[in-house]
Amino acid sequence: MNSPGLEHYLIFAALLFCIGLYGIVTRRNLIGMLMSVEIILNAAALNFVAFHRFKFGGDVAGAMFPLFIIAIAAAEAAVALAIILALFRRKRNLDVLSDNLLKN
Amino acid sequence: MESYIYRTDKLILDLTEWLTEATGSAFAAEVVKMSIAAAVLSAFVGLLAMILIYIERKVAGHMQQRVGPMRVGPHGILQTVADSIKLVAKEGLTPKNADAFIFNLAPLLVFASSFACLSFIPFSPGMTIVSFNVGLLFILGIASVGVLGILAGGWASNNKWSVLGAMRSGAQIISYELSATLALLAIVPFFGTLDFQEIVLSQQKGWWIWRAPGVGLLGFLIYTIASTAECNRTPFDIAEGESELTGGFHTEYSAMKFAMFFLAEFINIFIVSAISATVFFGGWMPFHIEGLDTLNRVFDLLPPIVWFFGKVACLVFVVMWFRWTFPRLRVDQLMHFEWKYLMPLSLINLALAAIAVSAGLYFFN
Amino acid sequence: MNIFVKTLRGLKGLLSGMGLTFGYFARPSKVITQQYPENRNTLKLPERSQARIDLIKNAETGRYNCIACGLCVKACPNNSIELTKFKDPETKKFRPEKFVYHFERCLVCGLCVEACKFDALRMTSEFETAAWSPDDLVEILNKDDPWAHDDKSDIGQQTAPDKNEQTASPARDTDRQEHTGAEEKTIQPKDRSPK
Amino acid sequence: METLIFYTTAFFILAAAGYVVTTMNIFRAAIGLTGVLAGIAGLYLLMNAQFLSAVQITVYVGGIMVLIVFAILLMPEASMHLRRENPKWFRFIGGVSAALVFAVLAYSITAFIGAQDAAGTSLEPAAASIREIGLALLSPGGNGFVLPFEFVSVVLIAALIGATTIAKRTPNPETKEEQE
């Protein structure tokens, strides 16, 4: 076995991405979907770091994107959880398919 | 042999060299070295917790005109040994409706995060188990993983008081973590590195608590308050308010699992004191006054490790002193204090530090 | 500006508190804890400390002050006093035949002493009251009266018969018959058992 | 050695991620997600990106996960057990779509790697140091990131205020009607 290179990380990130995708499709619970989104974001960030390390010889831009992804993920999680909390107070459940809020 | 006590970095280097020769490869030497470090650290943690618990009880006693444990061994020094044997021998219970997997995982999470923090502490020159360039940031990050363990433990107990205690505890820790982090970050621009050994080395001319004008002292005060709260110690121990929430998040825990929470608590006290000693009081660096060479040589007689543990012991004593002096805060007072006073103060401190660094304003330069 | 003054005042308060505790910490001579079994010979309890009850004797007549009125029995929340009385043929007054004290139920609250109108009860400081079995805790307080012997076999329904002492009872039983008057009445404690 | 660590960590992360998307208990999913995030921090360390690893642990594990766990604790009834899960065909669709996406990704990755090997344009493995990251974060111009950096701070403030406003307890019109 040679030491892990770019392709290892890329394949791994693709797998992780697909697991996150599966989660988003199958989950009906809002918090569960949010967690799947976090997995996908992490897979993307991992790709950036892998390219930065193995392809571009440590170019700063590759290390910068995960930082921004993490920052945006923090903002996104805060807002999403606030919305989920407000929704929960109204509907007392978090099922996306239980009834259509926008219809009525 | 004698010089090894003073030059522990040389000791580590020689040990690595010897191990590399003996085992034949650098990798095997590293594995052996890490195993030794893990064993030493485990023994150290057990011993440390026992000593700290004994000292805590003695300090508590004498501050309240009592005497503390006296019976087991001379002046009760074997009391904590007996207590720990009792704790280990007890039956570990899991409540019937608890989520057993998470219930058992939570103390491990808390303990592991505290234990991992220990590996970054610079005990002596070159004596750090993991020495790498973002040590300070990493230790702050890992310390916050413990909150998850607390929340998980409270939730998995399936007991509403545990959940309440866990949420109070979690809210308190993540709030005060901000102030603690900001207080430390205000000092970071002065030494311009996040590696603990380099932080210590940058204090050769003087400790940062004096060298950084005002910022050091203010930062130290903020960090002491915030870290006391982070450790869930009185006067910020509402998470374990005995009269209202019994034991807080660890109400349902017994035996070894409870011992792990307990151990983690005392390791945390040691860790925050060690960070404080390293960042503000020069770590293992002996106290030096420039110009007074005789005095400096006298101070150099003590090995660095003694300096380190001496400083940490003083800071731990201060934390214990707080506990047995001050009354407990109410939960709303606690949050008001953090968000309305401590946070703005630490932000101001950070701004002052930035100004001081960019203007080159520090002493003994 | 007010906030700074307040903060400084608060800091001063905190520091003075810390100074106080450090003062205690630094002077071990101020310790007030007593190491109990070691200092047994020099141990002095405060006068008002209360550990268990005792009957008071009149110093002149050498008799107990108790007139077996039963107020203490009624005052006791835990039914720990059991009292039988008889009319003394000499003085034509009621006297306790057996004043049985169930220490195993007693809370040491002192309500019986407060209830007593005849200065017949008091709390003593005798605190080493550990026993090997609950039966040992049942005691007859007027044991100086010749008719109140130590036989506990006929004490209340709640007490299990003590087999060791049963052998001694017939001999003393006669003793009792001599002194007991004709009228005999037992004041039974009120039934307060939970339903 | 590096290979061993990589495969162990990768396997651990994938197992934890699989657990996150399949478990019926949302709290356990959160604990699993913690494992995923911590594992990815480990992979960053393996790629010599210590700063990113520290940030990952501090913000993701210490911040976002705690936030999610708090949210779960605040909404006990709806999130503890996901009883009404999906019918089987739903899971089937998820599996198929994930597999399809993975096939596309895997194909493009192998094609890309093959092209790279043929062209030989890859540089030596290296990682940006903290000093470089710090300088780039605060310098304007072509290689600087000061504009996105400032934007992120504005976004964070906006998110902070927005989240507080949304989650604030407002009188619920439905319950009000019930009371009347």
# chains A, B, ... in the order shown; residues from 1 in each chain; ligands from 1
>>> closest_atom_pairs(of="range 22-90 of chain D", to="range 96-116 of chain B", cutoff="9 Å", atoms="only C-alpha atoms", output="JSON lines")
{"residue": "D:Phe27", "atom": "CA", "partner": "B:Ile102", "partner_atom": "CA", "distance": 8.9}
{"residue": "D:Arg28", "atom": "CA", "partner": "B:Ile102", "partner_atom": "CA", "distance": 7.4}
{"residue": "D:Ile31", "atom": "CA", "partner": "B:Ile102", "partner_atom": "CA", "distance": 8.3}
>>> interface_residues(of="chain C", to="chain B", cutoff="9 Å", atoms="only C-alpha atoms", output="list in words")
Leu14, Gly17, Met18, Leu20, Thr21, Phe22, Gly23, Tyr24, Phe25, Ala26, Arg27, Pro28, Ser29, Lys30, Val31, Ile32, Thr33, Gln34 and Gln35 of chain C
>>> write_last_selection(atoms="C-alpha atoms", output="short mmCIF file (atom, residue, chain, number, x, y, z; two decimals), in the first residue's frame")
data_model
loop_
_atom_site.label_atom_id
_atom_site.label_comp_id
_atom_site.auth_asym_id
_atom_site.auth_seq_id
_atom_site.Cartn_x
_atom_site.Cartn_y
_atom_site.Cartn_z
CA LEU C 14 -14.95 39.71 47.78
CA GLY C 17 -14.17 37.59 52.38
CA MET C 18 -11.14 35.89 50.95
CA LEU C 20 -11.26 36.08 56.31
CA THR C 21 -11.14 32.53 55.00
CA PHE C 22 -7.41 32.73 54.45
CA GLY C 23 -7.06 33.88 58.04
CA TYR C 24 -8.81 30.76 59.23
CA PHE C 25 -6.79 28.65 56.84
CA ALA C 26 -3.48 30.09 58.02
CA ARG C 27 -4.19 29.68 61.74
CA PRO C 28 -4.84 26.02 62.58
CA SER C 29 -5.25 27.00 66.23
CA LYS C 30 -8.65 28.41 65.38
CA VAL C 31 -9.98 24.98 64.50
CA ILE C 32 -13.03 24.21 66.60
CA THR C 33 -13.58 20.61 65.53
CA GLN C 34 -13.10 18.08 68.33
CA GLN C 35 -11.61 14.68 67.59
#
>>> closest_residue(among="B:Met167, B:Val134, B:Val319, B:Ala26", to="Ile72 in chain D", atoms="only C-alpha atoms")
B:Met167
>>> residues_around(residues="range 40-44 of chain D", least_positions_apart="3", cutoff="6 Å", atoms="only C-alpha atoms", output="ChimeraX atom specification")
/D:37,47,49,53,56
>>> closest_residue(among="B:Asp9, B:Ala171, B:Val88, B:Pro125", to="chain D", atoms="only C-alpha atoms")
B:Ala171
>>> closest_residue(among="A:Cys18, A:Leu30, A:Ile11, A:Val60", to="Leu85 in chain A", atoms="only C-alpha atoms")
A:Leu30
>>> residues_around(residues="Trp89 in chain D", least_positions_apart="5", cutoff="10 Å", atoms="only C-alpha atoms", output="list in words")
Thr26 of chain A; Gly94 and Gly95 of chain D
>>> write_last_selection(atoms="N, CA, C and O atoms", output="PDB file, in the first residue's frame")
ATOM      1  N   THR A  26     -33.766  10.339   2.596  1.00  0.00           N
ATOM      2  CA  THR A  26     -34.615   9.449   3.387  1.00  0.00           C
ATOM      3  C   THR A  26     -35.135  10.083   4.669  1.00  0.00           C
ATOM      4  O   THR A  26     -36.186   9.694   5.154  1.00  0.00           O
TER       5      THR A  26
ATOM      6  N   GLY D  94     -33.570   6.721  -2.109  1.00  0.00           N
ATOM      7  CA  GLY D  94     -32.367   7.335  -1.547  1.00  0.00           C
ATOM      8  C   GLY D  94     -31.131   6.543  -1.896  1.00  0.00           C
ATOM      9  O   GLY D  94     -30.124   7.092  -2.355  1.00  0.00           O
ATOM     10  N   GLY D  95     -31.208   5.216  -1.692  1.00  0.00           N
ATOM     11  CA  GLY D  95     -30.046   4.381  -1.973  1.00  0.00           C
ATOM     12  C   GLY D  95     -29.642   4.462  -3.432  1.00  0.00           C
ATOM     13  O   GLY D  95     -28.469   4.637  -3.766  1.00  0.00           O
TER      14      GLY D  95
END
>>> decode(residues="range 160-172 of chain B", atoms="all heavy atoms", output="PDB file, in the first residue's frame")
ATOM      1  N   LYS B 160     -35.494  13.910  34.488  1.00  0.00           N
ATOM      2  CA  LYS B 160     -35.635  15.308  34.074  1.00  0.00           C
ATOM      3  C   LYS B 160     -34.678  16.219  34.816  1.00  0.00           C
ATOM      4  O   LYS B 160     -34.214  17.208  34.277  1.00  0.00           O
ATOM      5  CB  LYS B 160     -37.072  15.768  34.229  1.00  0.00           C
ATOM      6  CG  LYS B 160     -37.596  15.761  35.632  1.00  0.00           C
ATOM      7  CD  LYS B 160     -39.045  16.191  35.641  1.00  0.00           C
ATOM      8  CE  LYS B 160     -39.962  15.019  35.794  1.00  0.00           C
ATOM      9  NZ  LYS B 160     -41.292  15.325  36.183  1.00  0.00           N
ATOM     10  N   TRP B 161     -34.326  15.860  36.060  1.00  0.00           N
ATOM     11  CA  TRP B 161     -33.379  16.721  36.781  1.00  0.00           C
ATOM     12  C   TRP B 161     -32.000  16.626  36.154  1.00  0.00           C
ATOM     13  O   TRP B 161     -31.261  17.605  36.105  1.00  0.00           O
ATOM     14  CB  TRP B 161     -33.325  16.328  38.249  1.00  0.00           C
ATOM     15  CG  TRP B 161     -34.679  16.250  38.852  1.00  0.00           C
ATOM     16  CD1 TRP B 161     -35.257  15.168  39.417  1.00  0.00           C
ATOM     17  CD2 TRP B 161     -35.660  17.304  38.895  1.00  0.00           C
ATOM     18  NE1 TRP B 161     -36.522  15.475  39.828  1.00  0.00           N
ATOM     19  CE2 TRP B 161     -36.794  16.766  39.517  1.00  0.00           C
ATOM     20  CE3 TRP B 161     -35.681  18.623  38.478  1.00  0.00           C
ATOM     21  CZ2 TRP B 161     -37.941  17.511  39.730  1.00  0.00           C
ATOM     22  CZ3 TRP B 161     -36.820  19.357  38.694  1.00  0.00           C
ATOM     23  CH2 TRP B 161     -37.934  18.812  39.308  1.00  0.00           C
ATOM     24  N   SER B 162     -31.673  15.421  35.672  1.00  0.00           N
ATOM     25  CA  SER B 162     -30.384  15.284  34.996  1.00  0.00           C
ATOM     26  C   SER B 162     -30.341  16.143  33.750  1.00  0.00           C
ATOM     27  O   SER B 162     -29.339  16.808  33.470  1.00  0.00           O
ATOM     28  CB  SER B 162     -30.135  13.828  34.621  1.00  0.00           C
ATOM     29  OG  SER B 162     -29.958  13.065  35.766  1.00  0.00           O
ATOM     30  N   VAL B 163     -31.455  16.136  32.993  1.00  0.00           N
ATOM     31  CA  VAL B 163     -31.474  16.938  31.768  1.00  0.00           C
ATOM     32  C   VAL B 163     -31.345  18.420  32.110  1.00  0.00           C
ATOM     33  O   VAL B 163     -30.577  19.152  31.485  1.00  0.00           O
ATOM     34  CB  VAL B 163     -32.769  16.665  30.970  1.00  0.00           C
ATOM     35  CG1 VAL B 163     -32.846  17.590  29.780  1.00  0.00           C
ATOM     36  CG2 VAL B 163     -32.806  15.243  30.509  1.00  0.00           C
ATOM     37  N   LEU B 164     -32.091  18.842  33.144  1.00  0.00           N
ATOM     38  CA  LEU B 164     -32.006  20.252  33.534  1.00  0.00           C
ATOM     39  C   LEU B 164     -30.594  20.602  33.962  1.00  0.00           C
ATOM     40  O   LEU B 164     -30.038  21.626  33.548  1.00  0.00           O
ATOM     41  CB  LEU B 164     -32.975  20.526  34.692  1.00  0.00           C
ATOM     42  CG  LEU B 164     -34.415  20.756  34.297  1.00  0.00           C
ATOM     43  CD1 LEU B 164     -35.235  21.015  35.540  1.00  0.00           C
ATOM     44  CD2 LEU B 164     -34.510  21.955  33.379  1.00  0.00           C
ATOM     45  N   GLY B 165     -30.001  19.740  34.774  1.00  0.00           N
ATOM     46  CA  GLY B 165     -28.639  19.997  35.231  1.00  0.00           C
ATOM     47  C   GLY B 165     -27.675  20.041  34.071  1.00  0.00           C
ATOM     48  O   GLY B 165     -26.798  20.896  33.994  1.00  0.00           O
ATOM     49  N   ALA B 166     -27.847  19.100  33.114  1.00  0.00           N
ATOM     50  CA  ALA B 166     -26.956  19.065  31.968  1.00  0.00           C
ATOM     51  C   ALA B 166     -27.102  20.325  31.135  1.00  0.00           C
ATOM     52  O   ALA B 166     -26.109  20.900  30.666  1.00  0.00           O
ATOM     53  CB  ALA B 166     -27.257  17.834  31.117  1.00  0.00           C
ATOM     54  N   MET B 167     -28.355  20.793  30.954  1.00  0.00           N
ATOM     55  CA  MET B 167     -28.540  21.982  30.115  1.00  0.00           C
ATOM     56  C   MET B 167     -27.981  23.227  30.790  1.00  0.00           C
ATOM     57  O   MET B 167     -27.351  24.063  30.148  1.00  0.00           O
ATOM     58  CB  MET B 167     -30.016  22.168  29.779  1.00  0.00           C
ATOM     59  CG  MET B 167     -30.439  21.167  28.730  1.00  0.00           C
ATOM     60  SD  MET B 167     -32.142  21.307  28.256  1.00  0.00           S
ATOM     61  CE  MET B 167     -32.108  22.760  27.261  1.00  0.00           C
ATOM     62  N   ARG B 168     -28.202  23.326  32.104  1.00  0.00           N
ATOM     63  CA  ARG B 168     -27.598  24.447  32.822  1.00  0.00           C
ATOM     64  C   ARG B 168     -26.083  24.407  32.702  1.00  0.00           C
ATOM     65  O   ARG B 168     -25.429  25.396  32.391  1.00  0.00           O
ATOM     66  CB  ARG B 168     -27.938  24.339  34.305  1.00  0.00           C
ATOM     67  CG  ARG B 168     -29.265  24.875  34.688  1.00  0.00           C
ATOM     68  CD  ARG B 168     -29.340  24.764  36.167  1.00  0.00           C
ATOM     69  NE  ARG B 168     -30.568  25.293  36.717  1.00  0.00           N
ATOM     70  CZ  ARG B 168     -30.726  25.579  37.997  1.00  0.00           C
ATOM     71  NH1 ARG B 168     -29.726  25.380  38.827  1.00  0.00           N
ATOM     72  NH2 ARG B 168     -31.848  26.055  38.447  1.00  0.00           N
ATOM     73  N   SER B 169     -25.563  23.211  32.939  1.00  0.00           N
ATOM     74  CA  SER B 169     -24.117  23.046  32.916  1.00  0.00           C
ATOM     75  C   SER B 169     -23.566  23.372  31.540  1.00  0.00           C
ATOM     76  O   SER B 169     -22.580  24.107  31.404  1.00  0.00           O
ATOM     77  CB  SER B 169     -23.816  21.605  33.302  1.00  0.00           C
ATOM     78  OG  SER B 169     -22.490  21.422  33.524  1.00  0.00           O
ATOM     79  N   GLY B 170     -24.241  22.831  30.506  1.00  0.00           N
ATOM     80  CA  GLY B 170     -23.776  23.073  29.148  1.00  0.00           C
ATOM     81  C   GLY B 170     -23.837  24.547  28.789  1.00  0.00           C
ATOM     82  O   GLY B 170     -22.880  25.115  28.256  1.00  0.00           O
ATOM     83  N   ALA B 171     -24.969  25.186  29.121  1.00  0.00           N
ATOM     84  CA  ALA B 171     -25.104  26.607  28.806  1.00  0.00           C
ATOM     85  C   ALA B 171     -24.025  27.412  29.499  1.00  0.00           C
ATOM     86  O   ALA B 171     -23.405  28.306  28.911  1.00  0.00           O
ATOM     87  CB  ALA B 171     -26.483  27.097  29.227  1.00  0.00           C
ATOM     88  N   GLN B 172     -23.771  27.058  30.746  1.00  0.00           N
ATOM     89  CA  GLN B 172     -22.756  27.787  31.504  1.00  0.00           C
ATOM     90  C   GLN B 172     -21.375  27.605  30.890  1.00  0.00           C
ATOM     91  O   GLN B 172     -20.641  28.571  30.683  1.00  0.00           O
ATOM     92  CB  GLN B 172     -22.779  27.256  32.928  1.00  0.00           C
ATOM     93  CG  GLN B 172     -21.709  27.831  33.800  1.00  0.00           C
ATOM     94  CD  GLN B 172     -21.730  27.188  35.156  1.00  0.00           C
ATOM     95  OE1 GLN B 172     -22.723  26.608  35.570  1.00  0.00           O
ATOM     96  NE2 GLN B 172     -20.627  27.270  35.858  1.00  0.00           N
TER      97      GLN B 172
END
